[in-house]
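Undergrad: File follows, run-v3.txt with compact mmCIF, C-alpha atoms:
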```
# COMPACT_ATOMS: atom_id res chain seq x y z
CA MET F 166 22.78 -51.39 -56.70
CA LEU F 167 19.50 -50.03 -55.30
CA ASP F 168 16.89 -52.65 -54.39
CA LEU F 169 13.76 -51.40 -56.13
CA ARG F 170 11.77 -54.31 -54.68
CA ALA F 171 12.34 -53.17 -51.11
CA ALA F 172 8.92 -51.46 -50.89
CA LYS F 173 6.83 -54.29 -52.38
CA GLY F 174 5.17 -55.14 -49.06
CA LEU F 175 3.94 -51.64 -48.20
CA ARG F 176 0.24 -50.91 -47.91
CA VAL F 177 -0.11 -47.61 -49.80
CA LEU F 178 -3.00 -45.14 -50.02
CA VAL F 179 -2.81 -42.61 -52.86
CA MET F 180 -5.16 -39.65 -52.35
CA GLY F 181 -5.96 -36.61 -54.45
CA ASP F 182 -7.93 -35.09 -57.29
CA ASP F 183 -9.32 -37.24 -60.09
CA ILE F 184 -8.35 -35.83 -63.49
CA VAL F 185 -9.08 -36.82 -67.07
CA ASP F 186 -6.45 -35.58 -69.52
CA GLU F 187 -7.63 -35.23 -73.10
CA TYR F 188 -5.33 -34.65 -76.07
CA LYS F 189 -7.05 -33.33 -79.20
CA HIS F 190 -4.35 -33.76 -81.83
CA VAL F 191 -4.35 -31.27 -84.71
CA ASN F 192 -2.21 -30.28 -87.67
CA VAL F 193 -1.63 -26.55 -87.53
CA ILE F 194 -2.10 -24.81 -90.89
CA GLY F 195 -1.18 -21.30 -89.81
CA LYS F 196 -2.76 -18.03 -88.75
CA ALA F 197 -6.38 -17.57 -89.78
CA VAL F 198 -6.76 -14.92 -92.50
CA LYS F 199 -9.43 -12.83 -90.74
CA GLU F 200 -8.78 -13.69 -87.07
CA ASN F 201 -5.92 -13.56 -84.57
CA ALA F 202 -6.11 -17.33 -84.18
CA LEU F 203 -4.35 -20.46 -85.34
CA SER F 204 -6.16 -22.51 -87.94
CA SER F 205 -5.76 -26.28 -87.76
CA ILE F 206 -7.10 -29.59 -89.05
CA ALA F 207 -8.43 -32.07 -86.49
CA ARG F 208 -6.68 -35.43 -86.29
CA ASN F 209 -7.38 -37.87 -83.45
CA THR F 210 -8.37 -37.55 -79.79
CA GLU F 211 -6.92 -39.46 -76.82
CA ARG F 212 -8.34 -39.57 -73.28
CA PHE F 213 -6.32 -40.70 -70.28
CA ARG F 214 -7.06 -41.19 -66.59
CA GLY F 215 -4.70 -38.65 -65.09
CA GLY F 216 -4.27 -37.04 -61.69
CA VAL F 217 -4.27 -39.34 -58.69
CA VAL F 218 -5.22 -42.41 -60.75
CA ALA F 219 -2.27 -42.07 -63.14
CA ALA F 220 0.09 -41.41 -60.23
CA ALA F 221 -1.10 -44.53 -58.41
CA GLU F 222 -0.38 -46.64 -61.50
CA HIS F 223 3.29 -45.66 -61.21
CA THR F 224 3.34 -46.65 -57.54
CA LYS F 225 1.77 -50.04 -58.33
CA ALA F 226 4.91 -51.07 -60.20
CA PHE F 227 6.83 -50.89 -56.91
CA CYS F 228 4.21 -51.78 -54.26
CA ASP F 229 1.81 -54.73 -54.35
CA ARG F 230 -1.02 -53.16 -52.33
CA VAL F 231 -2.09 -49.72 -53.56
CA GLN F 232 -5.49 -48.12 -52.93
CA VAL F 233 -6.77 -44.90 -54.55
CA SER F 234 -9.06 -42.33 -52.91
CA HIS F 235 -10.78 -39.45 -54.75
CA ARG F 236 -14.14 -37.69 -54.95
CA GLU F 237 -17.20 -38.25 -57.15
CA TRP F 238 -16.28 -35.80 -59.92
CA ALA F 239 -13.22 -35.31 -62.09
CA MET F 240 -11.51 -32.35 -63.73
CA LEU F 241 -11.33 -32.71 -67.51
CA ASN F 242 -8.24 -30.99 -68.90
CA SER F 243 -8.73 -30.84 -72.66
CA ARG F 244 -5.60 -29.85 -74.57
CA ILE F 245 -5.28 -28.90 -78.23
CA VAL F 246 -1.97 -30.51 -79.23
CA ASP F 247 0.20 -30.03 -82.31
CA SER F 248 0.36 -33.64 -83.54
CA VAL F 249 3.79 -33.21 -85.12
CA TYR F 250 5.77 -31.79 -82.18
CA LEU F 251 3.31 -32.55 -79.31
CA ARG F 252 3.23 -28.89 -78.32
CA LYS F 253 0.18 -27.88 -76.29
CA LEU F 254 -1.57 -24.95 -77.94
CA PHE F 255 -4.62 -24.40 -75.75
CA VAL F 256 -6.22 -25.91 -72.61
CA VAL F 257 -9.83 -25.98 -71.44
CA HIS F 258 -10.80 -27.09 -67.91
CA GLU F 259 -14.20 -28.57 -67.11
CA ARG F 260 -15.74 -30.56 -64.26
CA ILE F 261 -17.28 -33.84 -65.35
CA PRO F 262 -19.09 -36.64 -63.46
CA GLY F 263 -16.90 -39.35 -62.03
CA THR F 264 -17.09 -42.40 -59.81
CA PRO F 265 -16.28 -41.95 -56.11
CA THR F 266 -13.97 -44.41 -54.42
CA PRO F 267 -15.09 -46.30 -51.29
CA PRO F 268 -14.28 -44.89 -47.82
CA VAL F 269 -10.85 -45.72 -46.44
CA ASN F 270 -9.26 -45.90 -43.00
CA ILE F 271 -6.08 -43.84 -43.31
CA ALA F 272 -4.45 -45.49 -40.30
CA ASP F 273 -4.57 -48.89 -42.03
CA TYR F 274 -1.85 -47.90 -44.50
CA ASP F 275 1.93 -47.82 -44.10
CA LEU F 276 2.24 -44.91 -46.51
CA VAL F 277 -0.13 -42.17 -47.68
CA ILE F 278 0.81 -40.21 -50.81
CA VAL F 279 -1.20 -37.04 -51.46
CA PHE F 280 -1.40 -35.49 -54.93
CA ASP F 281 -3.15 -32.19 -54.22
CA PHE F 282 -3.86 -30.54 -57.57
CA GLY F 283 -5.96 -27.84 -55.95
CA HIS F 284 -9.33 -28.94 -57.30
CA GLY F 285 -10.95 -29.27 -53.88
CA PHE F 286 -10.72 -32.90 -52.80
CA MET F 287 -8.10 -32.15 -50.16
CA ASP F 288 -10.17 -29.70 -48.11
CA GLN F 289 -9.16 -28.47 -44.65
CA ARG F 290 -11.01 -31.26 -42.85
CA LEU F 291 -9.34 -33.99 -44.90
CA ILE F 292 -5.92 -32.34 -44.64
CA GLU F 293 -6.18 -32.28 -40.86
CA LYS F 294 -7.32 -35.90 -40.82
CA VAL F 295 -4.53 -37.22 -43.04
CA CYS F 296 -1.87 -35.23 -41.19
CA LYS F 297 -3.08 -36.69 -37.90
CA GLU F 298 -3.62 -40.31 -38.95
CA ALA F 299 -1.07 -41.16 -41.67
CA LYS F 300 1.84 -43.27 -40.46
CA TYR F 301 4.11 -41.89 -43.18
CA LEU F 302 2.88 -38.95 -45.26
CA ALA F 303 4.29 -37.79 -48.61
CA VAL F 304 2.73 -34.73 -50.23
CA ASN F 305 2.78 -32.54 -53.31
CA ALA F 306 0.57 -29.44 -53.51
CA GLN F 307 0.63 -28.40 -57.15
CA THR F 308 0.54 -24.91 -58.55
CA ASN F 309 -1.34 -24.75 -61.85
CA ALA F 310 -3.35 -22.24 -63.86
CA THR F 311 -6.57 -22.94 -61.94
CA ASN F 312 -5.10 -22.28 -58.47
CA TYR F 313 -2.02 -20.11 -58.99
CA GLY F 314 -0.80 -18.86 -55.61
CA PHE F 315 -3.64 -20.44 -53.62
CA ASN F 316 -2.67 -24.13 -53.37
CA LEU F 317 0.44 -24.11 -51.23
CA ILE F 318 2.27 -26.91 -49.45
CA THR F 319 2.05 -24.86 -46.25
CA LYS F 320 -1.60 -25.95 -46.00
CA TYR F 321 -0.19 -29.17 -44.56
CA PRO F 322 0.94 -28.81 -40.93
CA ARG F 323 2.84 -32.08 -41.18
CA ALA F 324 4.49 -34.18 -43.89
CA ASP F 325 7.34 -36.70 -43.71
CA LEU F 326 8.28 -36.05 -47.35
CA VAL F 327 7.45 -33.01 -49.47
CA VAL F 328 8.11 -32.90 -53.22
CA VAL F 329 7.49 -29.58 -54.99
CA ASP F 330 9.00 -27.72 -57.91
CA ALA F 331 10.97 -24.49 -57.58
CA LEU F 332 8.00 -22.20 -58.27
CA GLU F 333 5.86 -24.05 -55.70
CA ALA F 334 8.61 -23.68 -53.10
CA ARG F 335 8.97 -19.95 -53.74
CA LEU F 336 5.22 -19.31 -53.67
CA ALA F 337 4.88 -21.24 -50.41
CA THR F 338 7.59 -19.17 -48.69
CA GLN F 339 6.62 -15.88 -50.38
CA VAL F 340 10.33 -15.19 -51.02
CA GLN F 341 11.36 -14.83 -54.65
CA ASP F 342 14.89 -13.45 -54.69
CA CYS F 343 16.84 -15.89 -52.50
CA SER F 344 18.46 -19.22 -53.35
CA ILE F 345 16.15 -22.21 -53.70
CA SER F 346 18.04 -23.85 -50.83
CA MET F 347 16.93 -21.01 -48.56
CA ASN F 348 13.32 -21.56 -49.65
CA MET F 349 13.69 -25.23 -48.73
CA ARG F 350 14.94 -24.38 -45.24
CA MET F 351 12.03 -21.99 -44.76
CA LEU F 352 9.46 -24.68 -45.53
CA LYS F 353 10.36 -26.45 -42.25
CA PHE F 354 9.45 -30.00 -43.25
CA ASP F 355 11.50 -33.05 -42.29
CA ARG F 356 12.40 -33.97 -45.87
CA VAL F 357 12.01 -31.61 -48.83
CA ILE F 358 12.77 -32.30 -52.48
CA VAL F 359 12.58 -29.57 -55.12
CA THR F 360 12.39 -30.79 -58.71
CA MET F 361 13.98 -28.51 -61.30
CA GLY F 362 13.37 -30.14 -64.69
CA VAL F 363 16.52 -30.24 -66.80
CA ASP F 364 18.51 -29.08 -63.78
CA GLY F 365 17.68 -32.25 -61.83
CA ALA F 366 16.54 -32.20 -58.21
CA LEU F 367 17.69 -30.82 -54.87
CA GLY F 368 17.02 -32.54 -51.54
CA TYR F 369 17.10 -31.27 -47.95
CA LYS F 370 17.29 -33.42 -44.83
CA ASP F 371 18.75 -32.74 -41.36
CA GLU F 372 20.30 -29.41 -42.38
CA LYS F 373 22.10 -31.05 -45.32
CA PHE F 374 21.54 -30.56 -49.04
CA TYR F 375 21.82 -33.21 -51.73
CA GLU F 376 21.88 -32.83 -55.52
CA ALA F 377 21.19 -35.18 -58.42
CA PRO F 378 21.26 -34.35 -62.14
CA ALA F 379 18.43 -35.01 -64.57
CA VAL F 380 18.95 -38.24 -66.51
CA ALA F 381 16.39 -38.06 -69.33
CA ASP F 382 17.92 -38.64 -72.75
CA ARG F 383 14.66 -38.03 -74.65
CA VAL F 384 11.72 -35.78 -73.74
CA ARG F 385 8.49 -36.38 -75.62
CA ASP F 386 5.99 -35.05 -73.07
CA THR F 387 6.67 -33.43 -69.69
CA MET F 388 3.12 -33.79 -68.35
CA GLY F 389 3.11 -35.85 -65.17
CA CYS F 390 6.87 -36.07 -64.70
CA GLY F 391 6.73 -34.47 -61.25
CA ASP F 392 3.90 -36.81 -60.25
CA ALA F 393 5.95 -39.81 -61.35
CA PHE F 394 8.88 -38.53 -59.28
CA LEU F 395 6.81 -38.49 -56.07
CA ALA F 396 4.79 -41.62 -56.87
CA VAL F 397 7.94 -43.70 -57.24
CA CYS F 398 10.32 -42.22 -54.65
CA ALA F 399 7.78 -41.97 -51.78
CA PRO F 400 7.63 -45.73 -51.06
CA PHE F 401 11.41 -45.83 -50.74
CA ALA F 402 11.37 -42.87 -48.38
CA ALA F 403 8.85 -44.78 -46.25
CA VAL F 404 11.16 -47.81 -45.98
CA GLY F 405 14.16 -45.70 -45.01
CA PHE F 406 16.17 -44.94 -48.15
CA GLY F 407 18.51 -41.97 -47.86
CA MET F 408 17.93 -38.64 -49.58
CA GLN F 409 20.59 -39.15 -52.27
CA ASP F 410 18.99 -42.44 -53.31
CA LEU F 411 15.52 -40.85 -53.32
CA LEU F 412 16.75 -38.16 -55.71
CA ARG F 413 18.27 -40.74 -58.04
CA ILE F 414 15.12 -42.90 -58.02
CA GLY F 415 12.80 -39.92 -58.53
CA ASN F 416 14.87 -38.51 -61.38
CA ALA F 417 14.96 -41.91 -63.06
CA ALA F 418 11.17 -42.27 -62.79
CA ALA F 419 10.65 -38.76 -64.18
CA ALA F 420 13.02 -39.54 -67.07
CA VAL F 421 11.03 -42.66 -67.97
CA LYS F 422 7.77 -40.68 -67.80
CA ALA F 423 9.21 -37.94 -70.06
CA ASP F 424 9.38 -40.48 -72.88
CA ILE F 425 5.67 -41.40 -72.52
CA VAL F 426 3.01 -39.35 -74.31
CA GLY F 427 0.24 -38.38 -71.92
CA HIS F 428 -0.69 -41.35 -69.77
CA ARG F 429 -0.56 -43.97 -72.50
CA ARG F 430 1.09 -46.21 -69.95
CA SER F 431 2.74 -46.00 -66.55
CA VAL F 432 6.35 -46.17 -65.38
CA LYS F 433 7.68 -49.72 -64.97
CA LEU F 434 10.14 -50.98 -62.35
CA GLU F 435 12.46 -52.47 -64.95
CA GLU F 436 12.65 -49.15 -66.80
CA VAL F 437 13.68 -47.30 -63.66
CA GLU F 438 16.29 -49.98 -62.94
CA ALA F 439 17.71 -49.55 -66.44
CA MET F 440 17.76 -45.76 -66.06
CA LEU F 441 19.66 -46.09 -62.80
CA GLY F 442 22.19 -48.35 -64.50
```
Can the structure from this file be put into structure tokens for me?
TA:
Amino acid sequence: MLDLRAAKGLRVLVMGDDIVDEYKHVNVIGKAVKENALSSIARNTERFRGGVVAAAEHTKAFCDRVQVSHREWAMLNSRIVDSVYLRKLFVVHERIPGTPTPPVNIADYDLVIVFDFGHGFMDQRLIEKVCKEAKYLAVNAQTNATNYGFNLITKYPRADLVVVDALEARLATQVQDCSISMNMRMLKFDRVIVTMGVDGALGYKDEKFYEAPAVADRVRDTMGCGDAFLAVCAPFAAVGFGMQDLLRIGNAAAAVKADIVGHRRSVKLEEVEAMLG
């Protein structure tokens, strides 16, 4: 059985963009009579700390010392959500004031996890600094609607663990019509994991490939599942777990997150243990 307490003693720095995720729940009535728009009745609104803050909360379940670093403003992602089926109907992005975190010394930490959502916190200067000073560096550079094609993992000249999805891997290599395993080879990082949703995850290490199936038995909300994967598996990569175990742990964390609406709460160690069996 995997020891999910093996990373408790790590000093972890989680860096990236601060995000506030807002769910405006509505009941959809139908198409408006005189407009090409959906008509709906407002229900309730939920606001969650998302982005790097939500990711760090997952890591805290497995590591006792976790510090967060982000800038002085946040990206508000406001989603209109069908309250019955939790389907997102529309999204609006807006910068809002936030609270900056205190300065940190990157070299003081055993592990640095970067969640680069492409909103500007991880600029070239900071990327160079973290790549130079981090003892163990785990990174995701996310592709989303605000940065499509411009926020690539190849911005990082060094990373000990890279976790991206299949689209992010293909965009980074600029090769669309080959196998995803070929894309992973082309990325030229020491350890690469590609998450594939219902198809599980594929890992690459030392010219070998590893596979693990998805394990979610209920999916309520997919937002943040990839972040949970990296947030939970990165500490175990830093303490030397093998690729097959990292895939299993990451998939289990993502499965737990898939059953959580928004960021109502974070992934717990005991839940991942139960998912792993």
Undergrad: What is the distance, in Å and to one decimal place, between atom CA of Val233 of chain F and atom CA of Asn270 of chain F?
TA: 11.9 Å
Undergrad: Quick check, in Å to one decimal: how far apart do atom CA of Ile206 of chain F and atom CA of Ser243 of chain F lie?
TA: 16.5 Å
Undergrad: Please return as a PyMOL selection string every residue within 8 Å of (-1.2, -42.8, -39.5), taking into account only C-alpha atoms and the file's own coordinates.
TA: chain F and resi 271-275+295-301
Undergrad: Here is a test: counting all atoms listed in the file, which residue of F:Glu333, F:Glu211, F:Glu376, F:Asp229 is nearest to Thr319 of chain F?
TA: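 When distances to Thr319 of chain F are compared using all atoms listed in the file, the smallest one comes from F:Glu333.
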Undergrad: With only C-alpha atoms as the basis for distance, which of F:Val279, F:Ala324, F:Ala419, F:Val179 is at the shortest distance from Glu436 of chain F?
TA: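 So, comparing all the options, the nearest one is F:Ala419.
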Undergrad: Rank F:Ala439, F:Leu178, F:Ala381, F:Ala226 by their smallest atom-to-atom distance to Ile425 of chain F, using all atoms listed in the file, and report the top residue only.
TA: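 Closest to Ile425 of chain F, using all atoms listed in the file: F:Ala381.
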Undergrad: Atom CA of Leu241 of chain F to atom CA of Glu187 of chain F: how many Å, to one decimal?
TA: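 Interatomic distance here is 7.2 Å.
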Undergrad: Between F:Lys196, F:Arg356, F:Lys253, F:Lys433, which is the closest to Ala417 of chain F once you count only C-alpha atoms?
TA: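 Counting only C-alpha atoms, the residue closest to Ala417 of chain F is F:Lys433.
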Undergrad: May I have the residues within 12 Å of Met349 of chain F as an mmCIF file with C-alpha atoms, keeping the file's coordinate frame, using only C-alpha atoms and disregarding those fewer than 6 positions away in the same chain?
TA:
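The result, written out as out_12.cif:
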```cif
data_model
loop_
_atom_site.group_PDB
_atom_site.id
_atom_site.type_symbol
_atom_site.label_atom_id
_atom_site.label_comp_id
_atom_site.auth_asym_id
_atom_site.auth_seq_id
_atom_site.Cartn_x
_atom_site.Cartn_y
_atom_site.Cartn_z
ATOM 1 C CA ILE F 318 2.270 -26.910 -49.450
ATOM 2 C CA THR F 319 2.050 -24.860 -46.250
ATOM 3 C CA VAL F 327 7.450 -33.010 -49.470
ATOM 4 C CA VAL F 328 8.110 -32.900 -53.220
ATOM 5 C CA VAL F 329 7.490 -29.580 -54.990
ATOM 6 C CA ASP F 330 9.000 -27.720 -57.910
ATOM 7 C CA ALA F 331 10.970 -24.490 -57.580
ATOM 8 C CA LEU F 332 8.000 -22.200 -58.270
ATOM 9 C CA GLU F 333 5.860 -24.050 -55.700
ATOM 10 C CA ALA F 334 8.610 -23.680 -53.100
ATOM 11 C CA ARG F 335 8.970 -19.950 -53.740
ATOM 12 C CA LEU F 336 5.220 -19.310 -53.670
ATOM 13 C CA ALA F 337 4.880 -21.240 -50.410
ATOM 14 C CA THR F 338 7.590 -19.170 -48.690
ATOM 15 C CA GLN F 339 6.620 -15.880 -50.380
ATOM 16 C CA VAL F 340 10.330 -15.190 -51.020
ATOM 17 C CA CYS F 343 16.840 -15.890 -52.500
ATOM 18 C CA ASP F 355 11.500 -33.050 -42.290
ATOM 19 C CA ARG F 356 12.400 -33.970 -45.870
ATOM 20 C CA VAL F 357 12.010 -31.610 -48.830
ATOM 21 C CA ILE F 358 12.770 -32.300 -52.480
ATOM 22 C CA VAL F 359 12.580 -29.570 -55.120
ATOM 23 C CA THR F 360 12.390 -30.790 -58.710
ATOM 24 C CA LEU F 367 17.690 -30.820 -54.870
ATOM 25 C CA GLY F 368 17.020 -32.540 -51.540
ATOM 26 C CA TYR F 369 17.100 -31.270 -47.950
ATOM 27 C CA LYS F 370 17.290 -33.420 -44.830
ATOM 28 C CA ASP F 371 18.750 -32.740 -41.360
ATOM 29 C CA GLU F 372 20.300 -29.410 -42.380
ATOM 30 C CA LYS F 373 22.100 -31.050 -45.320
ATOM 31 C CA PHE F 374 21.540 -30.560 -49.040
ATOM 32 C CA TYR F 375 21.820 -33.210 -51.730
#
```
Undergrad: Neighbouring residues of Asn192 of chain F were defined as those with any atom within 8 Å, considering all atoms listed in the file; residues of the same chain fewer than 3 positions away were excluded. Please report them as a PyMOL selection string.
TA: chain F and resi 205-208+247-249
Undergrad: Write the residues of the preceding selection, restricted to C-alpha atoms, as a compact mmCIF listing (two decimals), in the coordinates of the input.
TA:
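Below is the file out-v7.txt, written as the result:
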```txt
# COMPACT_ATOMS: atom_id res chain seq x y z
CA SER F 205 -5.76 -26.28 -87.76
CA ILE F 206 -7.10 -29.59 -89.05
CA ALA F 207 -8.43 -32.07 -86.49
CA ARG F 208 -6.68 -35.43 -86.29
CA ASP F 247 0.20 -30.03 -82.31
CA SER F 248 0.36 -33.64 -83.54
CA VAL F 249 3.79 -33.21 -85.12
```
Undergrad: Per residue of segment 209-297 of chain F within 10 Å of segment 306-315 of chain F, what are the shortest atom pair and its distance in Å to one decimal, counting all atoms listed in the file, with rows by chain and residue number, as a Markdown table?
TA:
```
| residue | atom | partner | partner_atom | distance |
| --- | --- | --- | --- | --- |
| F:Val256 | CA | F:Ala310 | CA | 9.9 |
| F:His258 | CA | F:Thr311 | CA | 8.4 |
| F:Val279 | CA | F:Ala306 | CA | 8.1 |
| F:Phe280 | CA | F:Ala306 | CA | 6.5 |
| F:Asp281 | CA | F:Ala306 | CA | 4.7 |
| F:Phe282 | CA | F:Gln307 | CA | 5.0 |
| F:Gly283 | CA | F:Asn312 | CA | 6.2 |
| F:His284 | CA | F:Asn312 | CA | 8.0 |
| F:Met287 | CA | F:Ala306 | CA | 9.7 |
```
Undergrad: Smallest atom-to-atom distance to Ala399 of chain F: which of F:Asp183, F:Glu293, F:Asp325, F:Asp342, using only C-alpha atoms?
TA: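 The shortest atom-to-atom distance to Ala399 of chain F comes from F:Asp325.
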Undergrad: Nearest to Gly389 of chain F: which of F:Ser431, F:Thr266, F:Gln289, F:Ser234 is it, counting all atoms listed in the file?
TA: F:Ser431
Undergrad: If we count only C-alpha atoms and set the cut-off at 10 Å, which residues sit around Thr387 of chain F, ignoring sequence neighbours fewer than 4 positions away in its own chain? Please answer as a compact mmCIF listing (two decimals) with C-alpha atoms, in the frame of the given file.
TA:
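around.txt was written with the following content:
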```txt
# COMPACT_ATOMS: atom_id res chain seq x y z
CA GLY F 362 13.37 -30.14 -64.69
CA GLY F 391 6.73 -34.47 -61.25
CA ALA F 419 10.65 -38.76 -64.18
CA ALA F 420 13.02 -39.54 -67.07
CA LYS F 422 7.77 -40.68 -67.80
CA ALA F 423 9.21 -37.94 -70.06
CA ASP F 424 9.38 -40.48 -72.88
CA ILE F 425 5.67 -41.40 -72.52
CA VAL F 426 3.01 -39.35 -74.31
CA GLY F 427 0.24 -38.38 -71.92
```
Undergrad: As number ranges by chain, please: the residues near Leu434 of chain F (cut-off 8 Å, all atoms listed in the file, same-chain neighbours under 2 positions excluded).
TA: F: 169, 226-227, 432, 436-438
Undergrad: Name the residues in contact with Pro378 of chain F at a cut-off of 10 Å, using only C-alpha atoms, excluding same-chain residues fewer than 4 positions from it; report them as JSON, numbers by chain.
TA: {"F": [361, 362, 363, 364, 365, 366, 367, 412, 413, 416, 417]}
Undergrad: For those residues, write C-alpha atoms to a file as a PDB file, in the frame of the given file.
TA:
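Output (part23.pdb):
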```
ATOM      1  CA  MET F 361      13.980 -28.510 -61.300  1.00  0.00           C
ATOM      2  CA  GLY F 362      13.370 -30.140 -64.690  1.00  0.00           C
ATOM      3  CA  VAL F 363      16.520 -30.240 -66.800  1.00  0.00           C
ATOM      4  CA  ASP F 364      18.510 -29.080 -63.780  1.00  0.00           C
ATOM      5  CA  GLY F 365      17.680 -32.250 -61.830  1.00  0.00           C
ATOM      6  CA  ALA F 366      16.540 -32.200 -58.210  1.00  0.00           C
ATOM      7  CA  LEU F 367      17.690 -30.820 -54.870  1.00  0.00           C
ATOM      8  CA  LEU F 412      16.750 -38.160 -55.710  1.00  0.00           C
ATOM      9  CA  ARG F 413      18.270 -40.740 -58.040  1.00  0.00           C
ATOM     10  CA  ASN F 416      14.870 -38.510 -61.380  1.00  0.00           C
ATOM     11  CA  ALA F 417      14.960 -41.910 -63.060  1.00  0.00           C
TER      12      ALA F 417
END
```
Undergrad: Could you write segment 376-382 of chain F as a short mmCIF file (atom, residue, chain, number, x, y, z; two decimals), keeping the file's coordinate frame, with all heavy atoms rebuilt where they are missing?
TA:
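Generated output (rebuild-v4.cif):
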```
data_model
loop_
_atom_site.label_atom_id
_atom_site.label_comp_id
_atom_site.auth_asym_id
_atom_site.auth_seq_id
_atom_site.Cartn_x
_atom_site.Cartn_y
_atom_site.Cartn_z
N GLU F 376 22.19 -33.15 -54.13
CA GLU F 376 21.88 -32.83 -55.52
C GLU F 376 21.94 -34.08 -56.39
O GLU F 376 22.74 -34.99 -56.12
CB GLU F 376 22.86 -31.80 -56.08
CG GLU F 376 22.80 -30.44 -55.43
CD GLU F 376 23.78 -29.47 -56.06
OE1 GLU F 376 23.52 -29.04 -57.21
OE2 GLU F 376 24.81 -29.18 -55.43
N ALA F 377 21.12 -34.11 -57.43
CA ALA F 377 21.19 -35.18 -58.42
C ALA F 377 20.80 -34.60 -59.77
O ALA F 377 19.80 -33.88 -59.88
CB ALA F 377 20.27 -36.34 -58.04
N PRO F 378 21.56 -34.90 -60.82
CA PRO F 378 21.26 -34.35 -62.14
C PRO F 378 20.09 -35.06 -62.80
O PRO F 378 19.75 -36.20 -62.45
CB PRO F 378 22.55 -34.62 -62.92
CG PRO F 378 23.09 -35.88 -62.29
CD PRO F 378 22.76 -35.76 -60.83
N ALA F 379 19.45 -34.37 -63.74
CA ALA F 379 18.43 -35.01 -64.57
C ALA F 379 19.09 -36.07 -65.44
O ALA F 379 20.26 -35.93 -65.83
CB ALA F 379 17.73 -33.97 -65.44
N VAL F 380 18.36 -37.14 -65.75
CA VAL F 380 18.95 -38.24 -66.51
C VAL F 380 18.18 -38.57 -67.79
O VAL F 380 18.51 -39.54 -68.48
CB VAL F 380 19.06 -39.51 -65.64
CG1 VAL F 380 20.07 -39.28 -64.52
CG2 VAL F 380 17.71 -39.91 -65.06
N ALA F 381 17.17 -37.78 -68.12
CA ALA F 381 16.39 -38.06 -69.33
C ALA F 381 17.24 -37.83 -70.57
O ALA F 381 17.91 -36.81 -70.71
CB ALA F 381 15.15 -37.16 -69.37
N ASP F 382 17.20 -38.81 -71.49
CA ASP F 382 17.92 -38.64 -72.75
C ASP F 382 16.96 -38.33 -73.90
O ASP F 382 17.40 -38.03 -75.01
CB ASP F 382 18.77 -39.87 -73.08
CG ASP F 382 17.96 -41.15 -73.08
OD1 ASP F 382 16.72 -41.08 -73.00
OD2 ASP F 382 18.56 -42.24 -73.18
#
```
